[in-house]
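Asker: Sharing a structure below in structure tokens format, with a few things to ask.
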Amino acid sequence: MDAITNDHLLDGRVQLRQPVRGYRAGLDAALLAAGCDARPGQRVLEAGCGAGGALLAAASRCPEVRFTGVERDPDALALAKENIVLNGFQDRVEAIEGDVAVRFSALGIEPFDAAMTNPPFFDDSGALRGPSPEKRAAWMADDGLAAWIGFMSKGVREGGSLTLIHRADRLADILALLGEKCGGVQILPIHPFADEPAKRVLVRAIKTGKAPTRLLPGLVLHDQNGDKHRPEVEAILRGEASINWH
């Protein structure tokens, strides 16, 4: 395994050991965790949990919710398990081996109340200069976005929620894939600056939901006068605020 750093999330409330050169939890993982609105007593699935950045941040935010992370990379899975124990979450958080390319039923567990994912952003190696070997699994979706959304939709019960963060230019594909099984879609555009197009979207949908699609006011990350995060974004990163879907 590559060298490891000891980092902190949510203003120090979550400890995270993660690789120096592989996938590292950042803003996308923080926003995904902030979008988890599971209620006490519910169960949440994360597809592709990596070392556990989003998984553990969401668990810290939702102290009465149980979480299961699924990860296929053995090194990332080992780190996720280590991080679960490091944060004292082993009574309600677990990380298990699994692959979104394989049917959810192969895991042999009951569907969840909610699922979340930060899938690899690319699924066409011809459209992207190849990433380093350490980052390939995090950047390239070998089985395509359809496999990730299909895995999540099978992994939640009817009426359960699916939440994902992805590239804004894949929104049409996301909506088409969610439309096969889900409704009540909510879209949060994420803009680097107020006068620039969104580069990310945080999308939430309900399995078998019937409510109309809603485009929410965008979240702007930075003010024009600098690269620092805006106060509302800093509050999310510190765990003092969440994404308000309601």
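The chains in the structure tokens are called A, B, ... from first to last as shown; in each chain the residues are counted from 1, and the ligands are counted from 1 in the order shown.
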Can you pull out the residues contacting range 61-63 of chain A? Cut-off 10 Å, using only C-alpha atoms, and skip same-chain residues under 2 positions away; I want them as a ChimeraX atom specification.

Answerer: /A:10,13,33-34,36-42,56-59,65-67,89,92,239-242

Asker: I need the residues of range 162-238 of chain A that end up classed as strand (DSSP E or B) by DSSP on the backbone, written out as a ChimeraX atom specification.

Answerer: /A:162-167,182-191,200-207,214-215,219-220,222,229

Asker: I need the chosen residues saved as a PDB file, in the first residue's frame, with N, CA and C atoms.

Answerer:
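Result file follows (part-v3.pdb):
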ATOM      1  N   LEU A 162     -31.970   7.649  -2.971  1.00  0.00           N
ATOM      2  CA  LEU A 162     -30.674   7.463  -3.606  1.00  0.00           C
ATOM      3  C   LEU A 162     -30.050   8.846  -3.776  1.00  0.00           C
ATOM      4  N   THR A 163     -28.819   9.007  -3.337  1.00  0.00           N
ATOM      5  CA  THR A 163     -28.138  10.297  -3.434  1.00  0.00           C
ATOM      6  C   THR A 163     -26.762  10.087  -4.055  1.00  0.00           C
ATOM      7  N   LEU A 164     -26.428  10.905  -5.044  1.00  0.00           N
ATOM      8  CA  LEU A 164     -25.105  10.808  -5.651  1.00  0.00           C
ATOM      9  C   LEU A 164     -24.595  12.178  -6.049  1.00  0.00           C
ATOM     10  N   ILE A 165     -23.273  12.305  -6.106  1.00  0.00           N
ATOM     11  CA  ILE A 165     -22.633  13.510  -6.603  1.00  0.00           C
ATOM     12  C   ILE A 165     -21.835  13.131  -7.838  1.00  0.00           C
ATOM     13  N   HIS A 166     -21.922  13.988  -8.859  1.00  0.00           N
ATOM     14  CA  HIS A 166     -21.275  13.643 -10.123  1.00  0.00           C
ATOM     15  C   HIS A 166     -21.022  14.901 -10.939  1.00  0.00           C
ATOM     16  N   ARG A 167     -20.417  14.723 -12.117  1.00  0.00           N
ATOM     17  CA  ARG A 167     -20.173  15.826 -13.031  1.00  0.00           C
ATOM     18  C   ARG A 167     -21.491  16.395 -13.539  1.00  0.00           C
ATOM     19  N   CYS A 182     -36.984   5.485 -10.452  1.00  0.00           N
ATOM     20  CA  CYS A 182     -37.120   6.488  -9.401  1.00  0.00           C
ATOM     21  C   CYS A 182     -37.906   7.708  -9.865  1.00  0.00           C
ATOM     22  N   GLY A 183     -38.360   8.471  -8.888  1.00  0.00           N
ATOM     23  CA  GLY A 183     -39.021   9.747  -9.125  1.00  0.00           C
ATOM     24  C   GLY A 183     -38.677  10.688  -7.990  1.00  0.00           C
ATOM     25  N   GLY A 184     -39.403  11.798  -7.927  1.00  0.00           N
ATOM     26  CA  GLY A 184     -39.129  12.762  -6.873  1.00  0.00           C
ATOM     27  C   GLY A 184     -37.701  13.254  -6.896  1.00  0.00           C
ATOM     28  N   VAL A 185     -37.140  13.427  -8.084  1.00  0.00           N
ATOM     29  CA  VAL A 185     -35.737  13.789  -8.218  1.00  0.00           C
ATOM     30  C   VAL A 185     -35.524  15.250  -7.817  1.00  0.00           C
ATOM     31  N   GLN A 186     -34.480  15.487  -7.033  1.00  0.00           N
ATOM     32  CA  GLN A 186     -34.057  16.840  -6.664  1.00  0.00           C
ATOM     33  C   GLN A 186     -32.615  17.032  -7.106  1.00  0.00           C
ATOM     34  N   ILE A 187     -32.337  18.175  -7.718  1.00  0.00           N
ATOM     35  CA  ILE A 187     -31.023  18.454  -8.283  1.00  0.00           C
ATOM     36  C   ILE A 187     -30.458  19.711  -7.650  1.00  0.00           C
ATOM     37  N   LEU A 188     -29.282  19.590  -7.051  1.00  0.00           N
ATOM     38  CA  LEU A 188     -28.585  20.736  -6.478  1.00  0.00           C
ATOM     39  C   LEU A 188     -27.346  21.026  -7.323  1.00  0.00           C
ATOM     40  N   PRO A 189     -27.352  22.082  -8.160  1.00  0.00           N
ATOM     41  CA  PRO A 189     -26.147  22.434  -8.914  1.00  0.00           C
ATOM     42  C   PRO A 189     -25.101  23.015  -7.975  1.00  0.00           C
ATOM     43  N   ILE A 190     -23.840  22.702  -8.227  1.00  0.00           N
ATOM     44  CA  ILE A 190     -22.744  23.186  -7.392  1.00  0.00           C
ATOM     45  C   ILE A 190     -21.803  23.993  -8.284  1.00  0.00           C
ATOM     46  N   HIS A 191     -21.738  25.311  -8.022  1.00  0.00           N
ATOM     47  CA  HIS A 191     -20.982  26.237  -8.856  1.00  0.00           C
ATOM     48  C   HIS A 191     -19.673  26.627  -8.169  1.00  0.00           C
ATOM     49  N   ARG A 200     -20.484  20.400 -10.751  1.00  0.00           N
ATOM     50  CA  ARG A 200     -20.967  19.215 -10.063  1.00  0.00           C
ATOM     51  C   ARG A 200     -22.474  19.340  -9.866  1.00  0.00           C
ATOM     52  N   VAL A 201     -23.119  18.196  -9.694  1.00  0.00           N
ATOM     53  CA  VAL A 201     -24.512  18.178  -9.260  1.00  0.00           C
ATOM     54  C   VAL A 201     -24.652  17.141  -8.154  1.00  0.00           C
ATOM     55  N   LEU A 202     -25.393  17.491  -7.145  1.00  0.00           N
ATOM     56  CA  LEU A 202     -25.781  16.558  -6.094  1.00  0.00           C
ATOM     57  C   LEU A 202     -27.235  16.216  -6.374  1.00  0.00           C
ATOM     58  N   VAL A 203     -27.512  14.939  -6.579  1.00  0.00           N
ATOM     59  CA  VAL A 203     -28.840  14.504  -7.024  1.00  0.00           C
ATOM     60  C   VAL A 203     -29.414  13.524  -6.015  1.00  0.00           C
ATOM     61  N   ARG A 204     -30.664  13.728  -5.665  1.00  0.00           N
ATOM     62  CA  ARG A 204     -31.374  12.830  -4.752  1.00  0.00           C
ATOM     63  C   ARG A 204     -32.670  12.388  -5.412  1.00  0.00           C
ATOM     64  N   ALA A 205     -32.993  11.119  -5.305  1.00  0.00           N
ATOM     65  CA  ALA A 205     -34.212  10.582  -5.905  1.00  0.00           C
ATOM     66  C   ALA A 205     -34.827   9.556  -4.962  1.00  0.00           C
ATOM     67  N   ILE A 206     -36.098   9.280  -5.183  1.00  0.00           N
ATOM     68  CA  ILE A 206     -36.837   8.312  -4.371  1.00  0.00           C
ATOM     69  C   ILE A 206     -37.231   7.115  -5.240  1.00  0.00           C
ATOM     70  N   LYS A 207     -36.880   5.929  -4.790  1.00  0.00           N
ATOM     71  CA  LYS A 207     -37.251   4.728  -5.532  1.00  0.00           C
ATOM     72  C   LYS A 207     -38.766   4.590  -5.585  1.00  0.00           C
ATOM     73  N   ARG A 214     -37.344  18.549  -9.185  1.00  0.00           N
ATOM     74  CA  ARG A 214     -37.129  19.901  -8.671  1.00  0.00           C
ATOM     75  C   ARG A 214     -35.672  20.309  -8.868  1.00  0.00           C
ATOM     76  N   LEU A 215     -35.474  21.473  -9.459  1.00  0.00           N
ATOM     77  CA  LEU A 215     -34.138  22.053  -9.592  1.00  0.00           C
ATOM     78  C   LEU A 215     -33.971  23.082  -8.484  1.00  0.00           C
ATOM     79  N   LEU A 219     -25.641  25.859  -5.130  1.00  0.00           N
ATOM     80  CA  LEU A 219     -24.691  26.096  -4.046  1.00  0.00           C
ATOM     81  C   LEU A 219     -23.414  26.667  -4.671  1.00  0.00           C
ATOM     82  N   VAL A 220     -23.028  27.875  -4.262  1.00  0.00           N
ATOM     83  CA  VAL A 220     -21.831  28.542  -4.790  1.00  0.00           C
ATOM     84  C   VAL A 220     -20.695  28.352  -3.793  1.00  0.00           C
ATOM     85  N   HIS A 222     -17.319  29.543  -3.833  1.00  0.00           N
ATOM     86  CA  HIS A 222     -16.347  30.596  -3.542  1.00  0.00           C
ATOM     87  C   HIS A 222     -16.893  31.979  -3.884  1.00  0.00           C
ATOM     88  N   HIS A 229     -13.726  29.201   0.771  1.00  0.00           N
ATOM     89  CA  HIS A 229     -15.121  28.797   0.669  1.00  0.00           C
ATOM     90  C   HIS A 229     -16.033  29.848   1.297  1.00  0.00           C
TER      91      HIS A 229
END

Asker: Nearest to Leu79 in chain A among A:Leu45, A:Ala54, A:Ile4, A:Leu177, with distances taken over only C-alpha atoms: which residue is it?

Answerer: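 Looking at the shortest contact to Leu79 in chain A, the residue is A:Ile4.
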
Asker: Extract, using only C-alpha atoms, all DNA, RNA and protein residues at most 10 Å from Ala146 in chain A, discarding same-chain residues fewer than 5 positions from it, and format them as an MDAnalysis selection string.

Answerer: chainID A and resid 100:101 141 151:152 173:174 176:178

Asker: Just the selected residues (N, CA and C atoms), exported as a tab-separated table (two decimals), in the first residue's frame, please.

Answerer:
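Once written, out25.tsv looks like this:
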chain	number	residue	atom	x	y	z
A	100	VAL	N	-19.95	-3.09	-7.55
A	100	VAL	CA	-21.21	-2.64	-8.16
A	100	VAL	C	-21.49	-3.37	-9.47
A	101	ALA	N	-20.46	-4.00	-10.05
A	101	ALA	CA	-20.68	-4.76	-11.29
A	101	ALA	C	-21.42	-6.06	-11.04
A	141	ALA	N	-14.92	4.40	-14.20
A	141	ALA	CA	-15.98	3.43	-13.88
A	141	ALA	C	-15.98	2.34	-14.94
A	151	PHE	N	-26.99	-0.55	-9.15
A	151	PHE	CA	-26.66	-1.19	-7.87
A	151	PHE	C	-27.39	-0.49	-6.73
A	152	MET	N	-27.39	0.84	-6.75
A	152	MET	CA	-28.06	1.59	-5.69
A	152	MET	C	-29.57	1.36	-5.71
A	173	ASP	N	-27.65	11.93	-18.40
A	173	ASP	CA	-27.51	10.49	-18.24
A	173	ASP	C	-28.01	10.03	-16.88
A	174	ILE	N	-27.70	10.81	-15.84
A	174	ILE	CA	-28.16	10.46	-14.49
A	174	ILE	C	-29.68	10.43	-14.43
A	176	ALA	N	-31.80	10.03	-16.88
A	176	ALA	CA	-32.34	8.93	-17.69
A	176	ALA	C	-32.23	7.60	-16.93
A	177	LEU	N	-31.11	7.38	-16.26
A	177	LEU	CA	-30.92	6.14	-15.52
A	177	LEU	C	-31.82	6.07	-14.28
A	178	LEU	N	-31.94	7.20	-13.57
A	178	LEU	CA	-32.82	7.22	-12.40
A	178	LEU	C	-34.28	7.07	-12.81

Asker: Using only C-alpha atoms, which residue out of A:Ile84, A:Ala25, A:Cys49, A:Val44 lies closest to Glu110 in chain A?

Answerer: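 With only C-alpha atoms as the atom set, the closest residue is A:Val44.
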
Asker: Have a look at A:Ala47, A:Leu175, A:Val156, A:Ala76 and name the one nearest to Asp113 in chain A; count only C-alpha atoms.

Answerer: A:Val156

Asker: Which residue gives the smallest distance to Asp11 in chain A among A:Leu216, A:Ile243, A:Gly159, A:Ala30, with only C-alpha atoms counted?

Answerer: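 Closest to Asp11 in chain A, using only C-alpha atoms: A:Ala30.
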